[in-house]
Amino acid sequence: QVQLVESGGGPVQPGGSLRLSCVVSVSIFSMDDMGWYRQAPGKERELVALIKRGGSTNYVNSVKGRFTISRDTAKNTVYLQMNSLKPEDTAVYYCNAGVGYFRQNYWGQGTQVTVSS
């Protein structure tokens, strides 16, 4: 069973930074891609950033230039560095791993990020 455990969320002031971590119980190279999603109250879950097995990355437009997804394959860990945070970044952030032709998804438990003065 694949398990994902997130950490690093918390309260932060606008303009501040946080780094989220997601530790995976298997080699991240066994996954087709790893991503960070977020869900704000009353809104649908959205993809924030994605890193594919080959290393290419994608970001939702609202975080481009502020967020960076990266990975440490030796630690089976994926990170989301979030800079210049805005109140609209407030959400529960979920780590996701996807694999297979029919895409088996695995999710972490989520970590709350609250951007407020």
# chains A, B, ... in the order shown; residues from 1 in each chain; ligands from 1
>>> select_by_dssp(residues="chain A", states="strand (DSSP E)", output="MDAnalysis selection string")
chainID A and resid 4:7 10:12 18:24 33:39 46:52 57:59 67:72 77:82 91:99 104:107 111:115
>>> residues_around(residues="Pro14 in chain A", least_positions_apart="2", cutoff="10 Å", atoms="only C-alpha atoms", output="list in words")
Pro11, Val12, Gly16, Ser17, Asn83, Ser84, Leu85, Lys86, Pro87, Glu88, Asp89, Thr114, Val115, Ser116 and Ser117 of chain A
>>> residues_around(residues="Gly65 in chain A", least_positions_apart="3", cutoff="10 Å", atoms="only C-alpha atoms", output="list in words")
Tyr59, Asn61, Ser62, Thr68, Met82, Asn83 and Ser84 of chain A
>>> residues_around(residues="Arg45 in chain A", least_positions_apart="4", cutoff="10 Å", atoms="only C-alpha atoms", output="list in words")
Tyr37, Arg38, Gln39, Ala40, Pro41, Ala91, Val92, Tyr93 and Tyr94 of chain A
>>> atom_distance(atom1="CA of Lys52 in chain A", atom2="CA of Gly108 in chain A")
17.8 Å
>>> closest_residue(among="A:Trp107, A:Phe67, A:Trp36, A:Tyr79", to="Leu20 in chain A", atoms="only C-alpha atoms")
A:Tyr79
>>> residues_around(residues="Tyr106 in chain A", least_positions_apart="6", cutoff="10 Å", atoms="only C-alpha atoms", output="list in words")
Gln1, Val2, Gln3, Leu4, Val24, Met31, Met34, Cys95, Asn96, Ala97, Gly98 and Val99 of chain A
>>> select_by_dssp(residues="chain A", states="helix (DSSP H, G or I)", output="list in words")
Ile28, Phe29, Ser30, Asn61, Ser62, Val63, Thr73, Ala74, Lys75, Pro87, Glu88 and Asp89 of chain A
>>> residues_around(residues="Arg71 in chain A", least_positions_apart="5", cutoff="10 Å", atoms="only C-alpha atoms", output="MDAnalysis selection string")
chainID A and resid 21:23 28 34 51 55 76:80
>>> residues_around(residues="Ser27 in chain A", least_positions_apart="5", cutoff="9 Å", atoms="only C-alpha atoms", output="JSON, numbers by chain")
{"A": [73, 74, 75, 76]}
>>> atom_distance(atom1="CA of Lys43 in chain A", atom2="CA of Thr57 in chain A")
24.1 Å
>>> atom_distance(atom1="CA of Asn105 in chain A", atom2="CA of Glu6 in chain A")
15.6 Å
